[in-house]
file work-v6.cif (mmCIF, C-alpha atoms)
data_coords
loop_
_atom_site.label_atom_id
_atom_site.label_comp_id
_atom_site.auth_asym_id
_atom_site.auth_seq_id
_atom_site.Cartn_x
_atom_site.Cartn_y
_atom_site.Cartn_z
CA MET A 106 33.23 -11.17 12.81
CA THR A 107 33.82 -14.85 12.20
CA LEU A 108 36.20 -17.32 10.66
CA LEU A 109 35.13 -19.64 7.84
CA THR A 110 36.86 -23.00 8.00
CA TYR A 111 38.39 -24.06 4.69
CA SER A 112 35.75 -26.72 4.03
CA GLN A 113 32.68 -24.77 5.10
CA LEU A 114 30.24 -22.46 3.35
CA ILE A 115 28.60 -21.00 6.43
CA ASP A 116 29.88 -18.96 9.34
CA GLN A 117 30.76 -20.71 12.57
CA PHE A 118 29.72 -17.53 14.32
CA PRO A 119 26.92 -15.25 13.16
CA PHE A 120 27.17 -11.68 11.93
CA SER A 121 25.64 -8.64 13.61
CA LYS A 122 22.73 -6.83 12.03
CA VAL A 123 21.15 -3.58 13.19
CA THR A 124 17.37 -3.36 12.73
CA LYS A 125 15.14 -0.73 14.27
CA ASN A 126 17.96 0.48 16.51
CA ASN A 127 18.45 -3.05 17.89
CA LEU A 128 21.58 -5.18 17.45
CA GLU A 129 20.64 -8.67 16.27
CA SER A 130 22.86 -11.68 15.73
CA LYS A 131 22.04 -13.55 12.49
CA ALA A 132 23.64 -16.04 10.06
CA SER A 133 23.83 -16.37 6.27
CA LEU A 134 24.80 -19.11 3.82
CA TRP A 135 27.46 -18.24 1.25
CA ARG A 136 28.89 -20.13 -1.72
CA THR A 137 32.24 -19.70 -3.42
CA GLY A 138 31.61 -18.75 -7.04
CA THR A 139 33.83 -18.30 -10.06
CA ALA A 140 37.14 -16.52 -9.70
CA GLU A 141 37.58 -12.97 -10.90
CA PRO A 142 40.92 -12.21 -12.58
CA VAL A 143 43.03 -9.61 -10.83
CA VAL A 144 44.58 -7.03 -13.15
CA ASP A 145 48.12 -6.01 -12.36
CA ILE A 146 48.15 -2.28 -13.24
CA LYS A 147 51.92 -2.12 -13.59
CA GLU A 148 51.90 -5.06 -15.96
CA SER A 149 49.04 -3.67 -18.05
CA LEU A 150 51.01 -0.47 -18.73
CA GLU A 151 54.03 -2.34 -20.03
CA GLU A 152 54.37 -2.97 -23.74
CA PRO A 153 54.96 -5.71 -24.55
CA PRO A 154 53.67 -7.42 -21.37
CA ILE A 155 55.98 -9.63 -19.36
CA LEU A 156 55.35 -13.23 -20.42
CA GLY A 157 54.97 -15.89 -17.80
CA LYS A 158 53.79 -13.52 -15.06
CA GLN A 159 50.49 -14.68 -13.55
CA VAL A 160 48.22 -13.04 -11.03
CA THR A 161 46.19 -15.31 -8.75
CA PRO A 162 42.44 -14.82 -9.34
CA LEU A 163 40.18 -14.09 -6.38
CA PRO A 164 37.09 -16.26 -5.85
CA ARG A 165 33.76 -14.48 -5.49
CA LEU A 166 31.39 -15.12 -2.59
CA GLU A 167 27.74 -15.53 -3.52
CA LYS A 168 25.14 -15.05 -0.81
CA LEU A 169 22.42 -17.72 -0.96
CA PHE A 170 20.07 -16.84 1.91
CA ASP A 171 19.74 -15.69 5.52
CA LEU A 172 18.85 -18.22 8.21
CA GLU A 173 15.43 -16.96 9.25
CA MET A 174 14.44 -17.37 12.91
CA ASN A 175 13.39 -15.23 15.83
CA GLY A 176 16.03 -14.17 18.31
CA ASP A 177 19.80 -14.11 18.15
CA ILE A 178 21.96 -16.90 16.73
CA ASN A 179 25.12 -17.56 18.73
CA LYS A 180 26.64 -20.37 16.64
CA VAL A 181 26.09 -22.26 13.37
CA LEU A 182 27.64 -25.67 12.65
CA TRP A 183 28.03 -27.94 9.61
CA ASP A 184 27.63 -31.69 10.02
CA PRO A 185 31.30 -32.81 10.38
CA ARG A 186 30.47 -36.07 8.57
CA LEU A 187 30.25 -33.98 5.38
CA ASP A 188 26.47 -34.09 5.11
CA MET A 189 26.04 -30.84 3.19
CA GLY A 190 22.28 -30.94 3.60
CA LYS A 191 22.19 -30.39 7.36
CA ILE A 192 23.24 -27.59 9.70
CA VAL A 193 22.68 -26.74 13.36
CA SER A 194 22.12 -23.30 14.86
CA ILE A 195 22.46 -22.47 18.54
CA ASN A 196 20.75 -19.55 20.25
CA GLU A 197 20.53 -18.67 23.92
CA THR A 198 17.82 -21.23 24.74
CA ALA A 199 17.84 -24.03 22.14
CA ILE A 200 19.61 -26.15 19.54
CA HIS A 201 17.94 -26.12 16.09
CA VAL A 202 18.53 -28.63 13.26
CA TRP A 203 17.99 -27.35 9.71
CA LEU A 204 17.67 -29.24 6.40
CA LEU A 205 18.89 -27.53 3.23
CA ASN A 206 17.14 -28.11 -0.08
CA ASP A 207 19.01 -29.59 -3.06
CA GLN A 208 19.81 -26.18 -4.55
CA MET A 209 20.79 -24.77 -1.13
CA GLY A 210 18.37 -21.94 -1.71
CA SER A 211 16.62 -22.24 1.63
CA ALA A 212 16.59 -24.11 4.95
CA GLN A 213 13.71 -25.78 6.75
CA LEU A 214 13.62 -26.30 10.51
CA SER A 215 13.65 -30.05 11.19
CA ASN A 216 14.16 -30.49 14.91
CA SER A 217 14.73 -28.47 18.08
CA ILE A 218 16.11 -29.18 21.52
CA LYS A 219 14.90 -26.56 23.99
CA LEU A 220 17.18 -26.28 26.98
CA SER A 221 15.25 -23.47 28.63
CA LEU A 222 11.96 -21.72 28.04
CA ALA A 223 11.29 -18.01 27.78
CA GLY A 224 10.92 -16.49 31.22
CA GLU A 225 12.75 -19.30 33.01
CA ASN A 226 15.71 -18.38 35.14
CA ARG A 227 18.18 -20.57 33.24
CA LEU A 228 21.63 -19.81 31.92
CA PRO A 229 22.04 -19.00 28.19
CA LEU A 230 24.00 -21.15 25.73
CA THR A 231 27.27 -19.54 24.67
CA THR A 232 28.93 -21.85 22.11
CA GLY A 233 28.83 -25.36 20.67
CA THR A 234 30.50 -28.02 18.54
CA TRP A 235 29.28 -31.07 16.59
CA ASN A 236 30.67 -34.49 17.54
CA PRO A 237 32.25 -36.07 14.39
CA HIS A 238 31.75 -39.56 15.89
CA ALA A 239 28.03 -39.39 16.76
CA PRO A 240 24.85 -37.31 16.20
CA GLU A 241 25.65 -35.24 19.27
CA ILE A 242 26.10 -31.55 19.97
CA ALA A 243 28.19 -30.22 22.86
CA VAL A 244 27.23 -26.77 24.14
CA GLY A 245 28.62 -24.32 26.65
CA GLN A 246 26.14 -23.04 29.22
CA LEU A 247 27.85 -20.36 31.29
CA ASP A 248 30.65 -22.29 33.06
CA SER A 249 29.47 -25.84 32.21
CA VAL A 250 29.70 -28.12 29.15
CA GLN A 251 26.78 -30.36 28.15
CA GLY A 252 26.18 -32.95 25.43
CA TRP A 253 22.84 -33.50 23.67
CA ASP A 254 21.76 -36.36 21.37
CA LEU A 255 20.12 -34.98 18.22
CA ARG A 256 17.94 -38.08 17.76
CA SER A 257 16.56 -38.66 21.25
CA ARG A 258 16.94 -35.00 22.31
CA SER A 259 18.32 -36.23 25.63
CA GLN A 260 21.40 -35.14 27.54
CA THR A 261 24.46 -37.38 27.00
CA PHE A 262 26.93 -35.82 29.44
CA ASN A 263 27.39 -32.87 31.76
CA ILE A 264 30.59 -31.22 33.02
CA PRO A 265 29.54 -28.69 35.68
CA LYS A 266 32.02 -25.97 36.54
CA ALA A 267 34.22 -26.89 33.58
CA HIS A 268 35.67 -23.38 33.83
CA SER A 269 35.57 -20.87 36.64
CA ILE A 270 33.91 -18.33 34.34
CA LEU A 271 32.24 -18.43 30.90
CA VAL A 272 32.90 -21.27 28.41
CA ARG A 273 33.62 -19.69 25.04
CA ALA A 274 35.16 -22.45 22.89
CA LEU A 275 34.67 -26.19 22.31
CA ASP A 276 36.06 -28.80 19.91
CA PHE A 277 35.88 -32.60 19.73
CA ASN A 278 39.01 -34.63 19.02
CA PRO A 279 38.43 -36.01 15.49
CA ASN A 280 40.51 -39.14 16.17
CA LYS A 281 39.57 -40.01 19.77
CA THR A 282 35.89 -40.74 20.39
CA TYR A 283 35.55 -39.51 23.97
CA GLN A 284 37.84 -36.47 24.06
CA ILE A 285 36.75 -32.83 23.97
CA ALA A 286 38.59 -29.55 24.56
CA SER A 287 37.18 -26.36 26.08
CA GLY A 288 38.37 -22.77 26.45
CA GLY A 289 36.98 -20.05 28.67
CA ASP A 290 37.15 -16.62 30.23
CA ASP A 291 39.47 -17.98 32.92
CA CYS A 292 42.21 -17.86 30.22
CA LYS A 293 42.53 -21.65 30.31
CA VAL A 294 42.23 -24.52 27.85
CA LYS A 295 41.10 -27.85 29.30
CA PHE A 296 40.91 -31.36 27.88
CA TRP A 297 38.28 -33.86 29.02
CA ASP A 298 37.61 -37.60 28.74
CA LEU A 299 33.82 -37.89 28.57
CA ARG A 300 33.92 -41.38 30.10
CA ASN A 301 35.16 -39.79 33.32
CA PRO A 302 34.71 -36.00 33.17
CA THR A 303 35.14 -35.40 36.88
CA ASN A 304 38.62 -33.96 36.35
CA ALA A 305 40.30 -32.57 33.26
CA ILE A 306 42.98 -34.69 31.55
CA LYS A 307 45.16 -31.62 31.18
CA GLU A 308 44.94 -27.89 31.75
CA ILE A 309 46.88 -25.28 29.75
CA SER A 310 47.33 -21.67 30.87
CA GLU A 311 49.21 -19.94 28.05
CA HIS A 312 46.76 -17.07 27.42
CA SER A 313 46.52 -13.83 29.38
CA HIS A 314 42.89 -13.11 28.40
CA TRP A 315 39.72 -14.93 27.29
CA VAL A 316 40.08 -17.99 25.05
CA TRP A 317 37.71 -17.60 22.08
CA SER A 318 38.62 -20.51 19.82
CA VAL A 319 40.22 -23.98 20.03
CA ALA A 320 40.87 -26.49 17.23
CA TYR A 321 42.31 -29.99 16.91
CA ASN A 322 44.34 -30.86 13.81
CA ARG A 323 42.25 -33.38 11.82
CA PHE A 324 45.32 -35.28 10.55
CA HIS A 325 47.60 -35.13 13.60
CA ASP A 326 45.48 -34.48 16.70
CA GLN A 327 48.62 -33.99 18.80
CA LEU A 328 48.71 -30.52 17.17
CA PHE A 329 46.24 -28.14 18.80
CA LEU A 330 45.43 -24.44 18.33
CA SER A 331 44.02 -21.90 20.76
CA ALA A 332 43.29 -18.20 20.25
CA GLY A 333 42.02 -15.41 22.44
CA SER A 334 41.49 -11.75 23.10
CA ASP A 335 45.13 -11.39 24.12
CA CYS A 336 45.71 -11.10 20.33
CA GLN A 337 47.67 -14.36 20.27
CA VAL A 338 47.40 -17.72 18.53
CA ASN A 339 49.12 -20.59 20.33
CA LEU A 340 50.21 -23.86 18.74
CA HIS A 341 50.43 -26.68 21.28
CA SER A 342 51.74 -30.23 21.23
CA ILE A 343 49.55 -32.64 23.23
CA VAL A 344 51.08 -35.91 22.06
CA SER A 345 50.89 -37.70 25.43
CA PHE A 346 47.07 -37.98 25.33
CA SER A 347 46.47 -37.86 21.56
CA SER A 348 45.80 -40.74 19.17
CA ALA A 349 49.54 -40.74 18.45
CA ALA A 350 50.41 -41.52 22.07
CA TYR A 351 50.51 -45.26 21.36
CA ASN A 352 52.87 -44.85 18.43
CA PHE A 353 55.02 -42.57 20.54
CA ILE A 354 55.26 -45.19 23.30
CA ASP A 355 56.03 -47.92 20.77
CA LYS A 356 58.91 -45.84 19.40
CA GLU A 357 60.24 -45.34 22.90
CA ASP A 358 60.14 -49.11 23.61
CA SER A 359 61.72 -50.02 20.31
CA ILE A 360 64.63 -47.68 20.93
CA LYS A 361 65.18 -49.13 24.42
CA HIS A 362 65.32 -52.70 23.09
CA GLU A 363 67.46 -52.07 20.02
CA SER A 364 70.39 -54.34 19.45
CA ASP A 365 73.79 -53.19 20.61
CA GLU A 366 75.02 -53.94 17.10
CA ASP A 367 73.64 -50.65 15.78
CA ASP A 368 76.45 -48.52 14.55
CA GLU A 369 77.27 -45.13 15.97
CA GLY A 370 76.10 -43.33 12.84
CA ASP A 371 72.49 -44.52 13.33
CA ASP A 372 72.51 -43.36 16.96
CA ASN A 373 73.73 -39.93 15.94
CA GLU A 374 71.01 -39.71 13.29
CA ARG A 375 68.28 -40.42 15.85
CA GLU A 376 69.65 -37.76 18.15
CA LYS A 377 69.35 -35.19 15.39
CA THR A 378 65.56 -35.70 15.21
CA PRO A 379 64.06 -35.18 18.68
CA LYS A 380 60.71 -36.77 19.49
CA PRO A 381 57.56 -34.65 20.01
CA THR A 382 56.72 -33.74 23.60
CA ASP A 383 53.87 -31.90 25.31
CA GLY A 384 54.15 -28.14 25.48
CA LEU A 385 53.79 -24.82 23.70
CA VAL A 386 55.30 -25.13 20.22
CA ARG A 387 55.00 -21.50 19.13
CA THR A 388 53.06 -18.30 19.78
CA TYR A 389 51.94 -16.29 16.74
CA ASP A 390 51.46 -12.59 17.50
CA GLN A 391 50.75 -11.07 14.06
CA HIS A 392 47.31 -9.84 15.14
CA GLU A 393 46.71 -6.43 16.73
CA GLU A 394 43.14 -7.17 17.87
CA SER A 395 41.35 -10.03 19.63
CA VAL A 396 41.52 -13.33 17.72
CA TYR A 397 38.05 -14.87 17.52
CA GLY A 398 38.66 -17.89 15.29
CA VAL A 399 41.23 -20.47 14.23
CA ALA A 400 40.84 -23.24 11.62
CA TRP A 401 43.03 -25.99 10.17
CA SER A 402 43.15 -26.64 6.43
CA PRO A 403 41.34 -29.89 5.50
CA TYR A 404 43.81 -30.46 2.65
CA ASP A 405 47.20 -29.55 4.12
CA ALA A 406 47.89 -30.89 7.62
CA TRP A 407 50.47 -28.19 8.33
CA VAL A 408 48.49 -25.05 7.39
CA PHE A 409 46.07 -23.06 9.56
CA CYS A 410 44.32 -19.69 9.51
CA SER A 411 43.30 -17.21 12.21
CA LEU A 412 40.91 -14.25 12.11
CA SER A 413 40.85 -11.22 14.39
CA TYR A 414 38.29 -8.56 15.27
CA ASP A 415 39.64 -6.09 12.72
CA GLY A 416 38.97 -8.56 9.88
CA ARG A 417 42.59 -9.57 9.42
CA ALA A 418 43.06 -13.21 8.36
CA VAL A 419 46.54 -14.68 8.80
CA VAL A 420 47.67 -18.00 7.31
CA ASN A 421 50.55 -19.79 9.03
CA ARG A 422 52.40 -23.11 8.89
CA VAL A 423 53.48 -25.54 11.57
CA PRO A 424 57.22 -25.05 12.16
CA ARG A 425 59.35 -27.40 10.11
CA GLU A 426 61.11 -28.76 13.19
CA GLU A 427 57.78 -29.84 14.74
CA LYS A 428 56.65 -31.37 11.46
CA TYR A 429 59.75 -33.54 11.25
CA LYS A 430 59.34 -34.62 14.88
CA ILE A 431 55.95 -36.07 13.91
CA LEU A 432 56.91 -37.61 10.57
CA LEU A 433 60.34 -39.06 11.36
#
call {"tool": "encode", "arguments": {"input": "work-v6.cif", "output": "structure tokens"}}
result
Amino acid sequence: MTLLTYSQLIDQFPFSKVTKNNLESKASLWRTGTAEPVVDIKESLEEPPILGKQVTPLPRLEKLFDLEMNGDINKVLWDPRLDMGKIVSINETAIHVWLLNDQMGSAQLSNSIKLSLAGENRLPLTTGTWNPHAPEIAVGQLDSVQGWDLRSRSQTFNIPKAHSILVRALDFNPNKTYQIASGGDDCKVKFWDLRNPTNAIKEISEHSHWVWSVAYNRFHDQLFLSAGSDCQVNLHSIVSFSSAAYNFIDKEDSIKHESDEDDEGDDNEREKTPKPTDGLVRTYDQHEESVYGVAWSPYDAWVFCSLSYDGRAVVNRVPREEKYKILL
């Protein structure tokens, strides 16, 4: 089970397929087709029909092809720079770059980075994310996080012992070049500066079980999502080390140096709108099973979706109070 981000056509995680009594992990490319009208049975039985009542049509999903390769596929990624002709797949031993044809009817293997060979006693890759600022892929290898350049096929960084157990989730900050977040089986979310990855910038422990998915907001990276097998989705504020930290400090300084001639009404108005601070904004507990994916909308900065093991997708909004803290 996987979550499709709003702007993607392919799964971030693969699907499971049973062949010859073996469970294989594969991936497929899908395309959103034309919408099918939904018939409201109650409305169709009424004569005359109620005017002005509309039923939202449902888009159809059209399967284009399966990504053909030997072995399991643990992760599939789109190029975050919106290059629709390139994808990356990650299996236990390697990173593979694929080129899609113009009609998106097939994919051809273009490049591979082999991190371990068959038979070697090396740790398998568990997850990955594509750097939106450079042709670089970050992968989780047991409890460590590594970066690999897709052009030179060389390692760009290494964070050993990033988590005490397995690394299950990674995401680059879309607005800060050197920042990456990780989540793991130690129930923690950690933030790293790749220029000095010796120690984490911040560590969050708001989950009671494995963290399966993390996601920065592409518009306001001080908003951050995490989800796990404790059936919860957590919305965090990380303003102090986000790209908005400078604006936040500037606001603080401007308030300190304001003229004493400001009237009392303006002071009261500022007090009504508190400033954003670091911390847990809200926990969403609508799911009854493990939550394996979270994704922000690329069109609405305040909307996000989560998907759990039982196939339930839940769409939520950032609380209005937090939204106004950011905008005002």
call {"tool": "closest_residue", "arguments": {"input": "work-v6.cif", "among": "A:Asn304, A:Gln337, A:Thr137, A:Ser269", "to": "Leu247 (chain A)", "atoms": "only C-alpha atoms"}}
result
A:Ser269
call {"tool": "resolve_selection", "arguments": {"input": "work-v6.cif", "expression": "the PyMOL selection byres ((chain A and resi 305) around 12)", "output": "VMD selection string"}}
result
chain A and resid 264 to 268 284 to 287 293 to 304 306 to 309 346
call {"tool": "resolve_selection", "arguments": {"input": "work-v6.cif", "expression": "the PyMOL selection byres ((chain A and resi 323) around 9)", "output": "PyMOL selection string"}}
result
chain A and resi 278-280+320-322+324-326+328+401-403+406
call {"tool": "residues_around", "arguments": {"input": "work-v6.cif", "residues": "region 211-215 of chain A", "least_positions_apart": "2", "cutoff": "12 Å", "atoms": "all atoms listed in the file", "output": "ChimeraX atom specification"}}
result
/A:132-135,168-174,189-194,200-209,217-218,255-256
call {"tool": "axis_aligned_box", "arguments": {"input": "work-v6.cif", "around": "region 185-188 of chain A", "padding_each_side": "6 Å", "output": "AutoDock Vina command-line options"}}
result
--center_x 28.9 --center_y -34.4 --center_z 7.7 --size_x 16.8 --size_y 15.3 --size_z 17.3
call {"tool": "resolve_selection", "arguments": {"input": "work-v6.cif", "expression": "the PyMOL selection byres ((chain A and resi 344) around 9)", "output": "list in words"}}
result
Asp326, Gln327, Leu328, Ser342, Ile343, Ser345, Phe346, Ser347, Ser348, Ala349, Ala350, Phe353, Pro381, Thr382 and Asp383 of chain A
call {"tool": "atom_distance", "arguments": {"input": "work-v6.cif", "atom1": "CA of Val408 (chain A)", "atom2": "CA of Leu330 (chain A)"}}
result
11.4 Å
call {"tool": "atom_distance", "arguments": {"input": "work-v6.cif", "atom1": "CA of Thr234 (chain A)", "atom2": "CA of Ser413 (chain A)"}}
result
20.2 Å
call {"tool": "build_atoms", "arguments": {"input": "work-v6.cif", "residues": "region 327-338 of chain A", "atoms": "all heavy atoms", "output": "mmCIF file, in the frame of the given file"}}
result
data_model
loop_
_atom_site.group_PDB
_atom_site.id
_atom_site.type_symbol
_atom_site.label_atom_id
_atom_site.label_comp_id
_atom_site.auth_asym_id
_atom_site.auth_seq_id
_atom_site.Cartn_x
_atom_site.Cartn_y
_atom_site.Cartn_z
ATOM 1 N N GLN A 327 47.695 -34.473 17.784
ATOM 2 C CA GLN A 327 48.620 -33.990 18.800
ATOM 3 C C GLN A 327 48.965 -32.517 18.593
ATOM 4 O O GLN A 327 49.565 -31.882 19.459
ATOM 5 C CB GLN A 327 49.914 -34.816 18.821
ATOM 6 C CG GLN A 327 50.757 -34.734 17.549
ATOM 7 C CD GLN A 327 50.497 -35.892 16.621
ATOM 8 O OE1 GLN A 327 49.361 -36.178 16.289
ATOM 9 N NE2 GLN A 327 51.557 -36.573 16.209
ATOM 10 N N LEU A 328 48.556 -31.953 17.433
ATOM 11 C CA LEU A 328 48.710 -30.520 17.170
ATOM 12 C C LEU A 328 47.388 -29.832 17.497
ATOM 13 O O LEU A 328 46.320 -30.250 17.020
ATOM 14 C CB LEU A 328 49.093 -30.276 15.717
ATOM 15 C CG LEU A 328 50.470 -30.779 15.292
ATOM 16 C CD1 LEU A 328 50.677 -30.562 13.797
ATOM 17 C CD2 LEU A 328 51.571 -30.093 16.088
ATOM 18 N N PHE A 329 47.452 -28.778 18.282
ATOM 19 C CA PHE A 329 46.240 -28.140 18.800
ATOM 20 C C PHE A 329 46.429 -26.628 18.812
ATOM 21 O O PHE A 329 47.481 -26.120 19.217
ATOM 22 C CB PHE A 329 45.975 -28.659 20.218
ATOM 23 C CG PHE A 329 44.722 -28.140 20.837
ATOM 24 C CD1 PHE A 329 43.503 -28.762 20.601
ATOM 25 C CD2 PHE A 329 44.737 -27.025 21.666
ATOM 26 C CE1 PHE A 329 42.332 -28.285 21.195
ATOM 27 C CE2 PHE A 329 43.585 -26.540 22.251
ATOM 28 C CZ PHE A 329 42.376 -27.165 22.019
ATOM 29 N N LEU A 330 45.396 -25.905 18.388
ATOM 30 C CA LEU A 330 45.430 -24.440 18.330
ATOM 31 C C LEU A 330 44.487 -23.833 19.359
ATOM 32 O O LEU A 330 43.410 -24.373 19.634
ATOM 33 C CB LEU A 330 45.004 -23.949 16.943
ATOM 34 C CG LEU A 330 45.937 -24.212 15.769
ATOM 35 C CD1 LEU A 330 45.232 -23.873 14.461
ATOM 36 C CD2 LEU A 330 47.235 -23.433 15.905
ATOM 37 N N SER A 331 44.895 -22.702 19.902
ATOM 38 C CA SER A 331 44.020 -21.900 20.760
ATOM 39 C C SER A 331 44.257 -20.427 20.439
ATOM 40 O O SER A 331 45.365 -20.031 20.080
ATOM 41 C CB SER A 331 44.293 -22.172 22.244
ATOM 42 O OG SER A 331 45.599 -21.775 22.608
ATOM 43 N N ALA A 332 43.196 -19.632 20.544
ATOM 44 C CA ALA A 332 43.290 -18.200 20.250
ATOM 45 C C ALA A 332 42.410 -17.429 21.213
ATOM 46 O O ALA A 332 41.407 -17.956 21.706
ATOM 47 C CB ALA A 332 42.877 -17.919 18.805
ATOM 48 N N GLY A 333 42.789 -16.172 21.478
ATOM 49 C CA GLY A 333 42.020 -15.410 22.440
ATOM 50 C C GLY A 333 42.113 -13.918 22.252
ATOM 51 O O GLY A 333 42.714 -13.416 21.297
ATOM 52 N N SER A 334 41.502 -13.202 23.173
ATOM 53 C CA SER A 334 41.490 -11.750 23.100
ATOM 54 C C SER A 334 42.766 -11.122 23.658
ATOM 55 O O SER A 334 42.806 -9.909 23.892
ATOM 56 C CB SER A 334 40.254 -11.185 23.818
ATOM 57 O OG SER A 334 40.005 -11.858 25.022
ATOM 58 N N ASP A 335 43.803 -11.932 23.861
ATOM 59 C CA ASP A 335 45.130 -11.390 24.120
ATOM 60 C C ASP A 335 45.899 -11.197 22.817
ATOM 61 O O ASP A 335 47.114 -10.957 22.832
ATOM 62 C CB ASP A 335 45.920 -12.304 25.065
ATOM 63 C CG ASP A 335 46.013 -13.730 24.556
ATOM 64 O OD1 ASP A 335 45.481 -14.022 23.456
ATOM 65 O OD2 ASP A 335 46.617 -14.575 25.248
ATOM 66 N N CYS A 336 45.176 -11.316 21.683
ATOM 67 C CA CYS A 336 45.710 -11.100 20.330
ATOM 68 C C CYS A 336 46.705 -12.180 19.909
ATOM 69 O O CYS A 336 47.469 -11.966 18.959
ATOM 70 C CB CYS A 336 46.375 -9.722 20.197
ATOM 71 S SG CYS A 336 45.378 -8.357 20.830
ATOM 72 N N GLN A 337 46.688 -13.316 20.560
ATOM 73 C CA GLN A 337 47.670 -14.360 20.270
ATOM 74 C C GLN A 337 47.001 -15.638 19.785
ATOM 75 O O GLN A 337 45.874 -15.956 20.160
ATOM 76 C CB GLN A 337 48.499 -14.670 21.516
ATOM 77 C CG GLN A 337 49.438 -13.547 21.930
ATOM 78 C CD GLN A 337 50.346 -13.960 23.075
ATOM 79 O OE1 GLN A 337 50.167 -15.019 23.675
ATOM 80 N NE2 GLN A 337 51.319 -13.140 23.390
ATOM 81 N N VAL A 338 47.753 -16.375 18.950
ATOM 82 C CA VAL A 338 47.400 -17.720 18.530
ATOM 83 C C VAL A 338 48.505 -18.647 19.021
ATOM 84 O O VAL A 338 49.686 -18.420 18.732
ATOM 85 C CB VAL A 338 47.268 -17.830 16.994
ATOM 86 C CG1 VAL A 338 46.990 -19.272 16.569
ATOM 87 C CG2 VAL A 338 46.177 -16.903 16.489
#
